[in-house]
file work-v4.txt (compact mmCIF, C-alpha atoms)
# COMPACT_ATOMS: atom_id res chain seq x y z
CA MET A 1 63.17 114.09 105.19
CA ILE A 2 62.28 117.68 105.96
CA ASN A 3 61.79 118.47 109.66
CA LYS A 4 58.86 120.41 111.10
CA GLN A 5 61.05 123.46 111.70
CA LYS A 6 62.15 123.44 108.04
CA ILE A 7 65.80 123.82 109.08
CA ALA A 8 68.44 122.42 106.73
CA LEU A 9 72.08 121.65 107.47
CA LEU A 10 74.78 122.70 105.02
CA THR A 11 78.44 121.81 105.40
CA ASP A 12 81.50 121.03 103.27
CA SER A 13 83.43 117.93 102.32
CA CYS A 14 85.96 118.47 105.13
CA ALA A 15 83.33 117.49 107.73
CA ASP A 16 84.11 113.79 107.19
CA ILE A 17 80.55 112.65 107.95
CA PRO A 18 79.78 109.06 106.94
CA GLN A 19 77.36 108.84 104.02
CA ALA A 20 74.81 106.94 106.08
CA LEU A 21 74.48 109.94 108.41
CA VAL A 22 74.45 112.41 105.51
CA ARG A 23 71.44 110.54 104.13
CA ARG A 24 69.72 110.04 107.48
CA TYR A 25 69.80 113.73 108.39
CA ASP A 26 69.48 115.08 104.83
CA ILE A 27 72.73 117.04 105.16
CA TYR A 28 73.83 119.13 102.17
CA VAL A 29 77.56 118.91 101.45
CA VAL A 30 79.51 121.17 99.09
CA PRO A 31 82.85 119.69 97.98
CA LEU A 32 86.13 121.55 98.04
CA LYS A 33 88.31 121.11 94.96
CA LEU A 34 91.70 119.52 94.40
CA ILE A 35 93.80 120.51 91.40
CA PHE A 36 96.32 118.01 90.07
CA SER A 37 98.36 118.46 86.90
CA ASP A 38 95.85 116.34 84.98
CA GLY A 39 92.76 118.27 86.06
CA GLU A 40 90.39 119.40 88.77
CA TYR A 41 88.55 117.05 91.13
CA ALA A 42 85.65 117.57 93.54
CA ASP A 43 86.52 116.23 96.99
CA GLY A 44 84.71 112.96 97.60
CA VAL A 45 82.84 113.19 94.30
CA ASP A 46 85.43 112.71 91.54
CA ILE A 47 88.24 111.40 93.73
CA THR A 48 88.59 109.37 96.93
CA PRO A 49 91.03 109.86 99.82
CA THR A 50 92.76 106.59 98.91
CA GLU A 51 93.43 107.89 95.38
CA VAL A 52 94.84 111.13 96.81
CA TYR A 53 97.23 109.26 99.13
CA ARG A 54 98.45 107.11 96.23
CA ARG A 55 99.24 110.23 94.22
CA LEU A 56 100.89 112.28 96.98
CA PRO A 57 104.41 110.87 96.58
CA GLN A 58 104.41 112.12 92.99
CA GLU A 59 102.36 115.30 93.35
CA ILE A 60 100.79 117.37 96.12
CA PRO A 61 97.63 118.93 94.71
CA LYS A 62 96.52 122.49 95.18
CA THR A 63 93.27 122.80 97.09
CA THR A 64 90.66 125.45 96.54
CA LEU A 65 87.19 126.55 97.59
CA PRO A 66 84.04 124.97 96.26
CA GLY A 67 82.82 126.64 93.10
CA GLY A 68 80.34 129.43 93.77
CA ASP A 69 77.96 127.69 91.37
CA MET A 70 78.07 124.55 93.51
CA VAL A 71 77.16 126.54 96.63
CA GLU A 72 74.34 128.27 94.76
CA GLN A 73 73.06 124.90 93.57
CA ALA A 74 73.12 123.57 97.13
CA TYR A 75 70.98 126.47 98.32
CA ALA A 76 68.66 125.96 95.36
CA ARG A 77 68.19 122.29 96.29
CA ILE A 78 67.56 123.27 99.90
CA LYS A 79 64.85 125.72 98.84
CA GLN A 80 63.33 123.24 96.42
CA ALA A 81 63.12 120.67 99.21
CA GLY A 82 60.98 123.08 101.23
CA TYR A 83 63.44 124.28 103.85
CA THR A 84 63.23 127.93 104.92
CA LYS A 85 66.24 128.15 107.26
CA VAL A 86 69.82 126.89 106.94
CA LEU A 87 72.51 126.21 109.51
CA ALA A 88 75.78 126.42 107.57
CA ILE A 89 78.60 124.78 109.56
CA ASN A 90 81.97 124.83 107.86
CA LEU A 91 85.73 124.28 107.86
CA SER A 92 87.89 126.65 109.89
CA GLY A 93 88.35 130.08 108.38
CA GLY A 94 91.96 129.75 109.50
CA LEU A 95 92.46 127.13 106.78
CA SER A 96 89.97 128.06 104.08
CA GLY A 97 87.59 130.72 102.84
CA THR A 98 84.89 128.09 102.29
CA GLY A 99 82.76 129.18 105.23
CA ASN A 100 82.90 132.82 104.17
CA LEU A 101 81.87 131.90 100.62
CA VAL A 102 78.95 129.85 101.91
CA ARG A 103 77.89 132.71 104.17
CA LEU A 104 78.08 135.38 101.46
CA ILE A 105 76.10 133.35 98.93
CA GLY A 106 73.59 132.47 101.62
CA GLU A 107 73.06 136.15 102.40
CA GLN A 108 72.31 136.77 98.73
CA THR A 109 69.89 133.86 98.39
CA VAL A 110 66.28 134.98 98.43
CA GLY A 111 63.70 132.95 100.33
CA ILE A 112 65.82 131.35 103.04
CA GLU A 113 67.41 132.53 106.27
CA VAL A 114 71.03 131.42 106.69
CA ALA A 115 73.08 131.35 109.88
CA ALA A 116 76.73 130.57 109.14
CA PHE A 117 79.14 129.22 111.75
CA ASP A 118 82.91 128.89 111.52
CA THR A 119 83.80 125.75 113.47
CA LEU A 120 87.44 126.91 113.82
CA SER A 121 88.13 123.23 113.29
CA GLY A 122 88.23 120.51 110.67
CA SER A 123 87.30 116.89 110.08
CA LEU A 124 85.88 115.46 113.32
CA GLY A 125 85.40 118.96 114.73
CA ILE A 126 83.03 119.88 111.92
CA GLY A 127 81.40 116.47 111.72
CA MET A 128 80.57 116.21 115.43
CA THR A 129 79.10 119.72 115.37
CA VAL A 130 76.92 119.09 112.32
CA ILE A 131 75.63 115.76 113.65
CA GLN A 132 74.87 117.20 117.11
CA ALA A 133 72.93 120.02 115.45
CA ALA A 134 71.08 117.38 113.41
CA ARG A 135 70.12 115.53 116.59
CA TRP A 136 68.80 118.72 118.14
CA ILE A 137 66.76 119.52 115.05
CA GLU A 138 65.36 115.99 115.15
CA GLU A 139 64.45 116.56 118.80
CA GLY A 140 62.46 119.64 117.80
CA TRP A 141 64.74 122.45 118.91
CA SER A 142 63.69 125.87 117.66
CA TRP A 143 65.79 128.04 115.36
CA ASN A 144 66.60 130.48 118.19
CA GLU A 145 67.60 127.67 120.54
CA LEU A 146 69.99 126.36 117.91
CA LEU A 147 71.49 129.79 117.29
CA ARG A 148 72.13 130.25 121.01
CA ALA A 149 73.69 126.81 121.38
CA MET A 150 76.01 126.72 118.37
CA PRO A 151 78.80 129.08 119.57
CA ALA A 152 79.08 127.18 122.87
CA LEU A 153 79.04 123.83 121.07
CA ILE A 154 81.89 124.97 118.81
CA ARG A 155 83.90 126.29 121.79
CA ASN A 156 83.60 122.95 123.52
CA THR A 157 84.61 120.78 120.56
CA HIS A 158 88.26 119.71 120.48
CA VAL A 159 90.17 117.48 118.08
CA PHE A 160 93.69 116.06 118.04
CA PHE A 161 95.54 114.46 115.15
CA CYS A 162 98.62 112.26 115.13
CA MET A 163 100.73 112.62 111.99
CA ASP A 164 103.62 110.69 110.51
CA THR A 165 105.36 113.78 109.18
CA LEU A 166 104.99 117.54 108.71
CA GLU A 167 106.39 117.25 105.18
CA TYR A 168 103.05 117.66 103.43
CA LEU A 169 101.89 120.57 105.58
CA ARG A 170 105.18 122.33 104.91
CA LYS A 171 105.15 121.70 101.16
CA GLY A 172 101.51 122.75 100.91
CA GLY A 173 102.11 125.98 102.83
CA ARG A 174 99.70 124.97 105.61
CA ILE A 175 102.23 124.81 108.44
CA GLY A 176 100.42 127.61 110.35
CA LYS A 177 101.51 127.80 113.98
CA ILE A 178 103.26 124.43 113.91
CA ALA A 179 106.95 124.49 114.79
CA ALA A 180 109.25 122.38 112.68
CA VAL A 181 109.94 118.95 114.09
CA ALA A 182 113.40 117.55 113.66
CA GLY A 183 114.10 113.90 114.14
CA THR A 184 112.35 111.82 111.51
CA LEU A 185 114.89 109.09 112.13
CA LEU A 186 114.02 109.19 115.84
CA GLN A 187 110.37 108.47 115.04
CA ILE A 188 109.15 111.76 116.47
CA LYS A 189 105.39 111.99 115.80
CA PRO A 190 103.74 115.41 115.95
CA ILE A 191 100.27 115.80 117.47
CA ILE A 192 98.37 118.77 116.13
CA SER A 193 95.12 120.54 116.98
CA PHE A 194 93.40 123.82 116.19
CA ALA A 195 94.33 127.09 117.87
CA PRO A 196 91.54 129.45 119.03
CA ASP A 197 91.84 131.37 115.75
CA GLY A 198 91.30 128.19 113.71
CA GLU A 199 94.87 127.70 112.52
CA LEU A 200 96.68 124.41 113.00
CA THR A 201 98.94 124.27 116.03
CA SER A 202 101.35 121.75 117.51
CA VAL A 203 100.43 120.41 120.96
CA ALA A 204 102.96 117.61 121.46
CA LYS A 205 105.89 115.77 119.88
CA ILE A 206 106.03 112.13 120.91
CA ARG A 207 108.56 109.43 120.07
CA GLY A 208 106.84 106.42 118.54
CA ARG A 209 103.47 105.92 116.92
CA LYS A 210 101.84 103.94 119.74
CA ALA A 211 102.94 106.45 122.35
CA ALA A 212 101.59 109.28 120.19
CA MET A 213 98.21 107.54 119.95
CA GLN A 214 98.13 107.14 123.73
CA LYS A 215 99.08 110.79 124.25
CA MET A 216 96.33 111.93 121.90
CA VAL A 217 93.72 109.99 123.91
CA GLN A 218 95.15 111.40 127.16
CA LEU A 219 94.83 114.96 125.83
CA ALA A 220 91.21 114.38 124.85
CA THR A 221 90.37 112.65 128.13
CA ALA A 222 91.83 115.51 130.18
CA LEU A 223 89.34 117.91 128.60
CA VAL A 224 86.22 116.04 129.76
CA PRO A 225 85.10 116.95 133.30
CA ARG A 226 83.58 114.18 135.38
CA GLY A 227 79.81 113.96 134.99
CA VAL A 228 79.59 116.23 131.94
CA PRO A 229 77.71 114.83 128.91
CA PHE A 230 79.98 114.52 125.89
CA ASN A 231 80.36 113.04 122.43
CA LEU A 232 83.41 111.08 121.27
CA ALA A 233 84.81 110.62 117.78
CA VAL A 234 87.72 108.99 115.99
CA ALA A 235 88.91 109.11 112.39
CA HIS A 236 91.70 107.84 110.18
CA GLY A 237 93.38 108.78 106.96
CA ASP A 238 94.90 105.79 105.19
CA ALA A 239 95.27 103.90 108.49
CA PRO A 240 92.25 101.55 108.74
CA ALA A 241 94.05 98.95 110.87
CA GLU A 242 95.13 101.51 113.46
CA LEU A 243 91.63 102.99 113.53
CA LYS A 244 90.50 99.97 115.54
CA GLU A 245 93.32 100.55 118.03
CA ILE A 246 92.57 104.24 118.53
CA ARG A 247 88.85 103.48 118.83
CA GLU A 248 89.50 100.93 121.58
CA MET A 249 91.88 103.28 123.39
CA ALA A 250 89.42 106.18 123.24
CA GLN A 251 86.39 104.16 124.29
CA LYS A 252 88.28 102.56 127.16
CA SER A 253 89.51 105.93 128.43
CA LEU A 254 86.17 107.70 127.85
CA PRO A 255 83.48 105.01 128.19
CA ASP A 256 80.60 107.31 129.23
CA TYR A 257 80.11 109.13 125.91
CA LEU A 258 76.58 109.93 124.74
CA HIS A 259 77.28 109.46 121.03
CA PHE A 260 80.18 108.05 119.07
CA LEU A 261 81.24 109.09 115.56
CA GLU A 262 83.76 107.34 113.33
CA GLY A 263 84.96 108.87 110.09
CA GLU A 264 87.56 108.88 107.35
CA ILE A 265 89.66 111.95 106.65
CA ASP A 266 88.56 113.69 103.44
CA CYS A 267 90.64 114.28 100.31
CA THR A 268 91.39 117.94 101.08
CA LEU A 269 92.72 117.43 104.59
CA GLY A 270 94.45 114.25 103.44
CA ALA A 271 96.33 116.32 100.87
CA TYR A 272 97.29 118.82 103.60
CA VAL A 273 98.68 116.32 106.08
CA GLY A 274 99.58 113.18 104.12
CA PRO A 275 98.82 109.52 104.82
CA HIS A 276 98.62 107.59 108.10
CA LEU A 277 96.65 110.19 110.05
CA LEU A 278 94.68 109.32 113.17
CA GLY A 279 92.29 111.62 115.00
CA VAL A 280 90.37 111.80 118.28
CA GLY A 281 87.69 114.34 119.14
CA VAL A 282 85.59 115.21 122.18
CA GLN A 283 82.61 117.53 122.41
CA MET A 284 81.18 118.67 125.76
CA LEU A 285 77.48 119.59 125.73
CA THR A 286 76.67 121.29 129.05
CA GLU A 287 77.47 124.88 128.03
CA ALA A 288 75.54 124.60 124.76
CA LEU A 289 72.51 123.13 126.53
CA PHE A 290 72.62 125.94 129.07
CA ALA A 291 72.91 128.60 126.35
CA ALA A 292 69.88 127.16 124.59
CA GLY A 293 67.85 127.05 127.79
CA LYS A 294 67.85 123.24 127.72
CA GLU A 295 70.01 122.64 130.78
CA ASN A 296 67.20 120.83 132.57
call {"tool": "encode", "arguments": {"input": "work-v4.txt", "output": "structure tokens"}}
result
Amino acid sequence: MINKQKIALLTDSCADIPQALVRRYDIYVVPLKLIFSDGEYADGVDITPTEVYRRLPQEIPKTTLPGGDMVEQAYARIKQAGYTKVLAINLSGGLSGTGNLVRLIGEQTVGIEVAAFDTLSGSLGIGMTVIQAARWIEEGWSWNELLRAMPALIRNTHVFFCMDTLEYLRKGGRIGKIAAVAGTLLQIKPIISFAPDGELTSVAKIRGRKAAMQKMVQLATALVPRGVPFNLAVAHGDAPAELKEIREMAQKSLPDYLHFLEGEIDCTLGAYVGPHLLGVGVQMLTEALFAAGKEN
């Protein structure tokens, strides 16, 4: 349903926002594309993460930007719905040119004002940011308040992911700032995050899956100052049973969250990192509220 401010939210399929929230907040999502030997698939539209994981042992797909026509169609639907302004919140420019494409097409679209933001993050980092912006729009925040708050919100959003292996990142050429990890037989589990420039970076190497999950929660918890309002999120990729464990760990360690988000890793990021991924994210709100003039 259109809001009084006529502000729409546009993101991409790497935001990992549950469909119920996409519908509730009328969020527009453009899918990235995966290219297998048998054809091209739109992330989350023509193929599911589960299908991608099943195919990974035989073939790692190439990933590519959404089609320009799909972005144009999204803006057309936004205009047709009666929106006049768009917050475009997208996948890290350190991983993809999606955000730049969305921005450029938005600048060329007549009849709407577009403000594009690079989250310098992925998955939970995008999803938490989009949903928090949606809450603020629902609360009646003005366009200028939102524009002032978004950079601070992005700066204060942090995600950590526990992986089984770096094999898929290496084969897909997405290794970024991550140092090679030796010791597969020793059960060394890398924990990755996003560097300030939006590239993936290694933050820890932990022996054992359970210990890696605990370390990930510790890293997130250490970022949240006492008394500061924050959001909490968890996600999984092909690890639904362990999702419950990481949720319980995170909520026990950080019980005072304002909002909680739970998601499933999308096809594109799943193809980057492989199966059995777990993620934890935290998002502190004080600086963004202050920037918007809402600190009271």
call {"tool": "closest_residue", "arguments": {"input": "work-v4.txt", "among": "A:Ser123, A:Ser96, A:Gln283, A:Gln132", "to": "Gly263 in chain A", "atoms": "all atoms listed in the file"}}
result
A:Ser123
call {"tool": "closest_residue", "arguments": {"input": "work-v4.txt", "among": "A:Tyr75, A:Tyr83, A:Phe260, A:Phe117", "to": "Ile105 in chain A", "atoms": "all atoms listed in the file"}}
result
A:Tyr75
call {"tool": "closest_residue", "arguments": {"input": "work-v4.txt", "among": "A:Met128, A:Ala74, A:Cys267, A:Ala15", "to": "Leu91 in chain A", "atoms": "all atoms listed in the file"}}
result
A:Ala15
call {"tool": "closest_atom_pairs", "arguments": {"input": "work-v4.txt", "of": "range 66-123 of chain A", "to": "range 23-42 of chain A", "cutoff": "8 Å", "atoms": "only C-alpha atoms", "output": "Markdown table"}}
result
| residue | atom | partner | partner_atom | distance |
| --- | --- | --- | --- | --- |
| A:Pro66 | CA | A:Leu32 | CA | 4.4 |
| A:Gly67 | CA | A:Leu32 | CA | 7.8 |
| A:Met70 | CA | A:Val30 | CA | 6.7 |
| A:Val71 | CA | A:Val30 | CA | 6.4 |
| A:Ala74 | CA | A:Tyr28 | CA | 6.8 |
| A:Ile78 | CA | A:Tyr28 | CA | 7.8 |
| A:Thr98 | CA | A:Leu32 | CA | 7.9 |
call {"tool": "closest_atom_pairs", "arguments": {"input": "work-v4.txt", "of": "range 29-91 of chain A", "to": "range 235-258 of chain A", "cutoff": "9 Å", "atoms": "all atoms listed in the file", "output": "tab-separated table"}}
result
residue	atom	partner	partner_atom	distance
A:Pro49	CA	A:Gly237	CA	7.6
A:Thr50	CA	A:Asp238	CA	6.7
A:Tyr53	CA	A:Asp238	CA	7.4
call {"tool": "residues_around", "arguments": {"input": "work-v4.txt", "residues": "Ser92 in chain A", "least_positions_apart": "5", "cutoff": "9 Å", "atoms": "only C-alpha atoms", "output": "ChimeraX atom specification"}}
result
/A:97-99,118-122,126,194,197-199
call {"tool": "closest_residue", "arguments": {"input": "work-v4.txt", "among": "A:Leu169, A:Ala195, A:Leu223, A:Ala204", "to": "Ile60 in chain A", "atoms": "all atoms listed in the file"}}
result
A:Leu169
call {"tool": "atom_distance", "arguments": {"input": "work-v4.txt", "atom1": "CA of Gln108 in chain A", "atom2": "CA of Asp69 in chain A"}}
result
13.0 Å
call {"tool": "closest_residue", "arguments": {"input": "work-v4.txt", "among": "A:Val86, A:Gly111, A:Cys14, A:Gly279", "to": "Ala134 in chain A", "atoms": "only C-alpha atoms"}}
result
A:Val86
